[in-house]
Amino acid sequence: MLFDEKYEEYLARLFCLVDSTNYKRACLYLTTSSKYLLTPDREAYEATLYIAFGMYGKFRDLASALRIVLLVNDDKCCDQSVKIVFAETEDFSLKQQLAFMIARYGLSMEVDDEMVADENEKNALQEIVNNTKLSEQYHMVAWDIGVMEPKSPEDIYKVHLIGSQGAKSSSLDSARQNLAATFVNAFVNAGYCQDKLMTAISDSSENLLFEKNELGKASAVASLGMIHLWDHDSGFAILDKYLQSDDTHVVAGALLGIGIVSCGVKNDYDPALALISGYSTSAASITRIGAILGLGIAYAGSRKDKLKSLFLITLSDSQAPLVDLVFSAISLGLVFVGSCNEEIAQSIISVLKNLIKAELAEPIIRLL
């Protein structure tokens, strides 16, 4: 029926059969059954979902309609469909909620006059879509539920519950234990911009940093990016001083940390790209890896053409080191994640084929 000459007639008849009491069930059936159409025929999959989109629009269930648009994820008409959804309501609170959905999905788009006419409301929606105030809102929620107090790795390990023998065995490998503490500390304090290990006392954190081995240093500095997740102001200020270090592993960690801080937050000035891109051609391999991965994480899902050009130059360079090829492929995949971009896929496949010819397949599989 989707491709029949009488499609419009069938569709009109179908819409007459649904009302406010059963449209949700009908849409649930359509969205669920559409998954079985995806592999053989994407066109049928999208057509089925757009029928559900039409039903949700008819009954002004705009949040569900937007969810369908994001699910289809069609580059050609995604922005236009989003604008149609926004145009269906004058309720600014609802438009804010729709903007939060777009931000959570990671769709990069500009709020224009078709979506909202008032200039102040337009700026407010653009801030939401760009996740500009995500850190501030995250802190507000954390304060409200009483979890802003920084936690130490010991609070998570519950060391006091471990017997003396367990404590003794846990200290056998202090380097590995310190590295584990760095990761645990970053994850339990992610986004809070404060902790008890790395940022609480600067002198202690500096000493802790330089006691680590090479990759431990990179991990420790990068963990600051996780602690200051989404907060450009404090995150960049803290990580910037590590970019001046003479230790290439510390610089690599700072570059990765800047990428983590910027993840999911969009800015017209692209500060992450400005700070990191120059290091992607550094003489030190570890610094290049930090820069390449930092860019991939900072712009994950953004489908940014500048980064496409940057990474494709590396992937097309037959003289590029193996690690540069591997991490450029990973970062390119991150930037275009979910896009089904054939050009990107073919570029990565051609690199794999060349590595297989050069009998380098095993190391790249191990790294990926």
# chains A, B, ... in the order shown; residues from 1 in each chain; ligands from 1

call {"tool": "residues_around", "arguments": {"residues": "stretch 322-328 of chain A", "least_positions_apart": "6", "cutoff": "7 Å", "atoms": "only C-alpha atoms", "output": "count of residues only"}}
result
7

call {"tool": "closest_atom_pairs", "arguments": {"of": "stretch 101-155 of chain A", "to": "stretch 333-352 of chain A", "cutoff": "12 Å", "atoms": "only C-alpha atoms", "output": "tab-separated table"}}
result
residue	atom	partner	partner_atom	distance
A:Tyr105	CA	A:Gly338	CA	11.0
A:Gly106	CA	A:Val337	CA	10.6
A:Leu107	CA	A:Ser339	CA	11.0
A:Ser108	CA	A:Val335	CA	11.8

call {"tool": "atom_distance", "arguments": {"atom1": "atom CA of A:Ile51", "atom2": "atom CA of A:Asp19"}}
result
14.3 Å

call {"tool": "closest_residue", "arguments": {"among": "A:Ala237, A:Met198, A:Cys27, A:Gln97", "to": "A:Leu224", "atoms": "only C-alpha atoms"}}
result
A:Met198

call {"tool": "closest_residue", "arguments": {"among": "A:Ile68, A:Ala300, A:Leu215, A:Ala142", "to": "A:Lys266", "atoms": "only C-alpha atoms"}}
result
A:Ala300

call {"tool": "atom_distance", "arguments": {"atom1": "atom CA of A:Gln80", "atom2": "atom CA of A:Tyr269"}}
result
25.1 Å

call {"tool": "atom_distance", "arguments": {"atom1": "atom CA of A:Lys308", "atom2": "atom CA of A:Leu295"}}
result
11.0 Å

call {"tool": "residues_around", "arguments": {"residues": "stretch 178-191 of chain A", "least_positions_apart": "2", "cutoff": "8 Å", "atoms": "only C-alpha atoms", "output": "list in words"}}
result
Ser135, Tyr138, His139, Pro150, Lys151, Ser152, Pro153, Ser174, Ala175, Arg176, Cys193, Gln194, Asp195, Leu197, Lys212, Gly216, Ser219, Ala220, Ser223, Leu224, Met226, Ile227, His228, Leu229, Trp230 and Asp231 of chain A

call {"tool": "closest_residue", "arguments": {"among": "A:Gln319, A:Ser81, A:Asn213, A:Ser262", "to": "A:Met115", "atoms": "only C-alpha atoms"}}
result
A:Ser81

call {"tool": "residues_around", "arguments": {"residues": "A:Ser285", "least_positions_apart": "4", "cutoff": "10 Å", "atoms": "only C-alpha atoms", "output": "ChimeraX atom specification"}}
result
/A:248-249,252,280-281,289-291,321,323-324

call {"tool": "write_last_selection", "arguments": {"atoms": "N, CA, C and O atoms", "output": "PDB file, in the first residue's frame"}}
result
ATOM      1  N   THR A 248      54.950  15.451  26.980  1.00  0.00           N
ATOM      2  CA  THR A 248      53.977  15.215  25.896  1.00  0.00           C
ATOM      3  C   THR A 248      52.763  14.420  26.374  1.00  0.00           C
ATOM      4  O   THR A 248      51.665  14.592  25.848  1.00  0.00           O
ATOM      5  N   HIS A 249      52.942  13.543  27.372  1.00  0.00           N
ATOM      6  CA  HIS A 249      51.806  12.764  27.891  1.00  0.00           C
ATOM      7  C   HIS A 249      50.824  13.656  28.649  1.00  0.00           C
ATOM      8  O   HIS A 249      49.608  13.459  28.583  1.00  0.00           O
ATOM      9  N   ALA A 252      48.935  15.529  25.974  1.00  0.00           N
ATOM     10  CA  ALA A 252      47.947  14.634  25.354  1.00  0.00           C
ATOM     11  C   ALA A 252      46.719  14.481  26.245  1.00  0.00           C
ATOM     12  O   ALA A 252      45.573  14.505  25.765  1.00  0.00           O
ATOM     13  N   SER A 280      47.124  18.182  16.146  1.00  0.00           N
ATOM     14  CA  SER A 280      46.878  16.930  15.417  1.00  0.00           C
ATOM     15  C   SER A 280      48.008  16.578  14.462  1.00  0.00           C
ATOM     16  O   SER A 280      48.065  15.461  13.947  1.00  0.00           O
ATOM     17  N   THR A 281      48.914  17.534  14.243  1.00  0.00           N
ATOM     18  CA  THR A 281      50.084  17.270  13.394  1.00  0.00           C
ATOM     19  C   THR A 281      51.377  17.380  14.196  1.00  0.00           C
ATOM     20  O   THR A 281      52.459  17.579  13.636  1.00  0.00           O
ATOM     21  N   ILE A 289      47.643  11.583  19.089  1.00  0.00           N
ATOM     22  CA  ILE A 289      46.527  10.714  19.480  1.00  0.00           C
ATOM     23  C   ILE A 289      45.570  11.459  20.405  1.00  0.00           C
ATOM     24  O   ILE A 289      44.346  11.395  20.245  1.00  0.00           O
ATOM     25  N   GLY A 290      46.126  12.210  21.379  1.00  0.00           N
ATOM     26  CA  GLY A 290      45.277  12.985  22.284  1.00  0.00           C
ATOM     27  C   GLY A 290      44.438  14.005  21.542  1.00  0.00           C
ATOM     28  O   GLY A 290      43.251  14.192  21.824  1.00  0.00           O
ATOM     29  N   ALA A 291      45.051  14.660  20.547  1.00  0.00           N
ATOM     30  CA  ALA A 291      44.334  15.677  19.767  1.00  0.00           C
ATOM     31  C   ALA A 291      43.247  15.044  18.899  1.00  0.00           C
ATOM     32  O   ALA A 291      42.115  15.543  18.836  1.00  0.00           O
ATOM     33  N   PRO A 321      51.417   7.291  10.015  1.00  0.00           N
ATOM     34  CA  PRO A 321      51.655   6.186  10.961  1.00  0.00           C
ATOM     35  C   PRO A 321      50.373   5.413  11.245  1.00  0.00           C
ATOM     36  O   PRO A 321      49.265   5.966  11.159  1.00  0.00           O
ATOM     37  N   VAL A 323      49.017   4.299  14.032  1.00  0.00           N
ATOM     38  CA  VAL A 323      48.160   4.787  15.120  1.00  0.00           C
ATOM     39  C   VAL A 323      47.349   6.001  14.677  1.00  0.00           C
ATOM     40  O   VAL A 323      46.196   6.175  15.092  1.00  0.00           O
ATOM     41  N   ASP A 324      47.924   6.858  13.822  1.00  0.00           N
ATOM     42  CA  ASP A 324      47.182   8.017  13.320  1.00  0.00           C
ATOM     43  C   ASP A 324      45.990   7.582  12.477  1.00  0.00           C
ATOM     44  O   ASP A 324      44.893   8.147  12.569  1.00  0.00           O
TER      45      ASP A 324
END

call {"tool": "residues_around", "arguments": {"residues": "A:Asp268", "least_positions_apart": "2", "cutoff": "12 Å", "atoms": "only C-alpha atoms", "output": "PyMOL selection string"}}
result
chain A and resi 108-110+126-127+130+132+265-266+270-274

call {"tool": "write_last_selection", "arguments": {"atoms": "N, CA, C and O atoms", "output": "PDB file, in the first residue's frame"}}
result
ATOM      1  N   SER A 108      22.426  19.045  15.457  1.00  0.00           N
ATOM      2  CA  SER A 108      22.925  20.410  15.285  1.00  0.00           C
ATOM      3  C   SER A 108      21.988  21.158  14.346  1.00  0.00           C
ATOM      4  O   SER A 108      21.837  20.783  13.195  1.00  0.00           O
ATOM      5  N   MET A 109      21.343  22.197  14.873  1.00  0.00           N
ATOM      6  CA  MET A 109      20.457  22.982  14.015  1.00  0.00           C
ATOM      7  C   MET A 109      20.330  24.397  14.557  1.00  0.00           C
ATOM      8  O   MET A 109      20.558  24.656  15.743  1.00  0.00           O
ATOM      9  N   GLU A 110      19.959  25.297  13.670  1.00  0.00           N
ATOM     10  CA  GLU A 110      19.795  26.700  14.038  1.00  0.00           C
ATOM     11  C   GLU A 110      18.312  27.010  14.191  1.00  0.00           C
ATOM     12  O   GLU A 110      17.509  26.711  13.313  1.00  0.00           O
ATOM     13  N   GLN A 126      17.848  28.472  21.320  1.00  0.00           N
ATOM     14  CA  GLN A 126      19.154  28.126  20.742  1.00  0.00           C
ATOM     15  C   GLN A 126      20.138  27.713  21.832  1.00  0.00           C
ATOM     16  O   GLN A 126      20.945  26.798  21.640  1.00  0.00           O
ATOM     17  N   GLU A 127      20.061  28.356  22.994  1.00  0.00           N
ATOM     18  CA  GLU A 127      20.911  27.978  24.125  1.00  0.00           C
ATOM     19  C   GLU A 127      20.613  26.559  24.583  1.00  0.00           C
ATOM     20  O   GLU A 127      21.517  25.799  24.925  1.00  0.00           O
ATOM     21  N   ASN A 130      21.925  24.086  21.931  1.00  0.00           N
ATOM     22  CA  ASN A 130      23.387  24.032  21.964  1.00  0.00           C
ATOM     23  C   ASN A 130      23.942  23.473  23.271  1.00  0.00           C
ATOM     24  O   ASN A 130      25.156  23.320  23.418  1.00  0.00           O
ATOM     25  N   THR A 132      24.220  25.018  25.971  1.00  0.00           N
ATOM     26  CA  THR A 132      25.081  26.054  26.532  1.00  0.00           C
ATOM     27  C   THR A 132      25.025  26.083  28.049  1.00  0.00           C
ATOM     28  O   THR A 132      26.043  26.288  28.716  1.00  0.00           O
ATOM     29  N   VAL A 265      28.346  19.947  23.816  1.00  0.00           N
ATOM     30  CA  VAL A 265      28.084  21.384  23.949  1.00  0.00           C
ATOM     31  C   VAL A 265      28.536  22.084  22.674  1.00  0.00           C
ATOM     32  O   VAL A 265      29.690  21.950  22.263  1.00  0.00           O
ATOM     33  N   LYS A 266      27.619  22.823  22.044  1.00  0.00           N
ATOM     34  CA  LYS A 266      27.937  23.490  20.777  1.00  0.00           C
ATOM     35  C   LYS A 266      28.200  24.976  21.022  1.00  0.00           C
ATOM     36  O   LYS A 266      27.559  25.587  21.877  1.00  0.00           O
ATOM     37  N   ASP A 270      33.561  27.565  18.248  1.00  0.00           N
ATOM     38  CA  ASP A 270      34.300  26.287  18.217  1.00  0.00           C
ATOM     39  C   ASP A 270      35.621  26.357  18.978  1.00  0.00           C
ATOM     40  O   ASP A 270      36.697  26.130  18.422  1.00  0.00           O
ATOM     41  N   PRO A 271      35.595  26.663  20.281  1.00  0.00           N
ATOM     42  CA  PRO A 271      36.849  26.778  21.033  1.00  0.00           C
ATOM     43  C   PRO A 271      37.650  25.477  21.083  1.00  0.00           C
ATOM     44  O   PRO A 271      38.880  25.506  21.057  1.00  0.00           O
ATOM     45  N   ALA A 272      36.950  24.334  21.142  1.00  0.00           N
ATOM     46  CA  ALA A 272      37.660  23.049  21.192  1.00  0.00           C
ATOM     47  C   ALA A 272      38.462  22.822  19.912  1.00  0.00           C
ATOM     48  O   ALA A 272      39.622  22.393  19.955  1.00  0.00           O
ATOM     49  N   LEU A 273      37.842  23.122  18.766  1.00  0.00           N
ATOM     50  CA  LEU A 273      38.532  22.956  17.483  1.00  0.00           C
ATOM     51  C   LEU A 273      39.738  23.884  17.406  1.00  0.00           C
ATOM     52  O   LEU A 273      40.822  23.492  16.948  1.00  0.00           O
ATOM     53  N   ALA A 274      39.576  25.118  17.886  1.00  0.00           N
ATOM     54  CA  ALA A 274      40.667  26.091  17.846  1.00  0.00           C
ATOM     55  C   ALA A 274      41.832  25.652  18.739  1.00  0.00           C
ATOM     56  O   ALA A 274      43.004  25.811  18.369  1.00  0.00           O
TER      57      ALA A 274
END

call {"tool": "select_by_dssp", "arguments": {"residues": "stretch 135-290 of chain A", "states": "helix (DSSP H, G or I)", "output": "MDAnalysis selection string"}}
result
chainID A and resid 135:144 153:157 159:161 164:170 174:188 202:210 214:227 232:244 248:262 271:281 285:290

call {"tool": "closest_residue", "arguments": {"among": "A:Ile84, A:Ala320, A:Leu332, A:Ala254", "to": "A:Lys304", "atoms": "only C-alpha atoms"}}
result
A:Leu332

call {"tool": "decode", "arguments": {"residues": "stretch 91-196 of chain A", "atoms": "C-alpha atoms", "output": "tab-separated table (two decimals), in the first residue's frame"}}
result
chain	number	residue	atom	x	y	z
A	91	ASP	CA	3.31	27.37	23.83
A	92	PHE	CA	6.87	28.44	24.66
A	93	SER	CA	7.16	25.92	27.50
A	94	LEU	CA	6.38	23.09	25.07
A	95	LYS	CA	8.89	24.50	22.58
A	96	GLN	CA	11.50	24.46	25.34
A	97	GLN	CA	10.78	20.80	25.99
A	98	LEU	CA	11.07	20.04	22.28
A	99	ALA	CA	14.40	21.92	22.23
A	100	PHE	CA	15.64	19.78	25.14
A	101	MET	CA	14.76	16.66	23.15
A	102	ILE	CA	16.79	17.95	20.18
A	103	ALA	CA	19.71	18.79	22.46
A	104	ARG	CA	19.63	15.36	24.08
A	105	TYR	CA	19.60	13.73	20.66
A	106	GLY	CA	22.60	15.83	19.62
A	107	LEU	CA	21.08	17.30	16.46
A	108	SER	CA	22.93	20.41	15.29
A	109	MET	CA	20.46	22.98	14.02
A	110	GLU	CA	19.80	26.70	14.04
A	111	VAL	CA	16.58	28.00	15.58
A	112	ASP	CA	15.02	30.41	13.04
A	113	ASP	CA	11.93	32.57	12.58
A	114	GLU	CA	9.87	29.61	11.33
A	115	MET	CA	10.27	27.94	14.73
A	116	VAL	CA	9.72	31.00	16.94
A	117	ALA	CA	9.23	34.67	16.06
A	118	ASP	CA	10.28	36.42	19.27
A	119	GLU	CA	14.02	37.17	19.31
A	120	ASN	CA	14.45	36.54	23.05
A	121	GLU	CA	12.63	33.22	22.83
A	122	LYS	CA	14.72	32.29	19.80
A	123	ASN	CA	17.95	32.92	21.73
A	124	ALA	CA	16.65	30.96	24.71
A	125	LEU	CA	15.78	27.95	22.51
A	126	GLN	CA	19.15	28.13	20.74
A	127	GLU	CA	20.91	27.98	24.13
A	128	ILE	CA	18.95	24.84	24.96
A	129	VAL	CA	19.68	23.20	21.59
A	130	ASN	CA	23.39	24.03	21.96
A	131	ASN	CA	23.49	22.73	25.57
A	132	THR	CA	25.08	26.05	26.53
A	133	LYS	CA	23.67	25.95	30.07
A	134	LEU	CA	23.76	22.18	30.49
A	135	SER	CA	26.40	22.34	33.24
A	136	GLU	CA	24.46	25.01	35.15
A	137	GLN	CA	21.22	23.01	34.93
A	138	TYR	CA	23.01	19.81	35.93
A	139	HIS	CA	24.33	21.54	39.06
A	140	MET	CA	20.85	22.84	39.92
A	141	VAL	CA	19.43	19.31	39.82
A	142	ALA	CA	22.40	17.97	41.81
A	143	TRP	CA	21.85	20.62	44.52
A	144	ASP	CA	18.12	19.88	44.62
A	145	ILE	CA	18.64	16.16	45.24
A	146	GLY	CA	21.62	16.70	47.55
A	147	VAL	CA	24.43	14.97	45.65
A	148	MET	CA	26.81	17.89	45.00
A	149	GLU	CA	29.16	16.89	47.81
A	150	PRO	CA	32.30	15.50	46.12
A	151	LYS	CA	33.07	11.83	46.70
A	152	SER	CA	36.46	10.20	47.05
A	153	PRO	CA	37.39	6.79	45.60
A	154	GLU	CA	37.50	5.44	49.18
A	155	ASP	CA	33.81	6.34	49.57
A	156	ILE	CA	33.09	4.09	46.58
A	157	TYR	CA	35.47	1.27	47.50
A	158	LYS	CA	34.08	1.03	51.09
A	159	VAL	CA	37.62	0.26	52.24
A	160	HIS	CA	36.54	0.11	55.87
A	161	LEU	CA	34.46	-2.97	55.05
A	162	ILE	CA	37.47	-4.82	53.65
A	163	GLY	CA	39.50	-6.89	56.07
A	164	SER	CA	43.15	-6.16	56.74
A	165	GLN	CA	44.19	-8.89	54.30
A	166	GLY	CA	42.13	-7.32	51.52
A	167	ALA	CA	43.65	-3.91	52.22
A	168	LYS	CA	47.14	-5.42	52.12
A	169	SER	CA	46.56	-7.12	48.76
A	170	SER	CA	45.05	-3.95	47.28
A	171	SER	CA	48.31	-2.05	47.92
A	172	LEU	CA	50.51	-4.54	46.08
A	173	ASP	CA	50.30	-2.63	42.80
A	174	SER	CA	50.22	1.04	43.76
A	175	ALA	CA	50.55	2.30	40.15
A	176	ARG	CA	47.52	0.35	39.01
A	177	GLN	CA	45.63	1.31	42.15
A	178	ASN	CA	46.35	5.01	41.56
A	179	LEU	CA	45.21	4.71	37.94
A	180	ALA	CA	41.99	3.01	39.06
A	181	ALA	CA	41.44	5.76	41.64
A	182	THR	CA	41.85	8.39	38.92
A	183	PHE	CA	39.12	6.81	36.78
A	184	VAL	CA	36.77	6.16	39.70
A	185	ASN	CA	37.22	9.73	40.93
A	186	ALA	CA	36.44	11.11	37.45
A	187	PHE	CA	33.26	9.09	36.98
A	188	VAL	CA	31.75	9.58	40.45
A	189	ASN	CA	32.35	13.36	40.26
A	190	ALA	CA	31.57	13.76	36.54
A	191	GLY	CA	30.16	17.20	35.80
A	192	TYR	CA	30.30	18.47	39.40
A	193	CYS	CA	33.43	20.63	38.78
A	194	GLN	CA	34.82	19.59	42.16
A	195	ASP	CA	36.36	16.50	43.73
A	196	LYS	CA	38.64	15.43	46.59
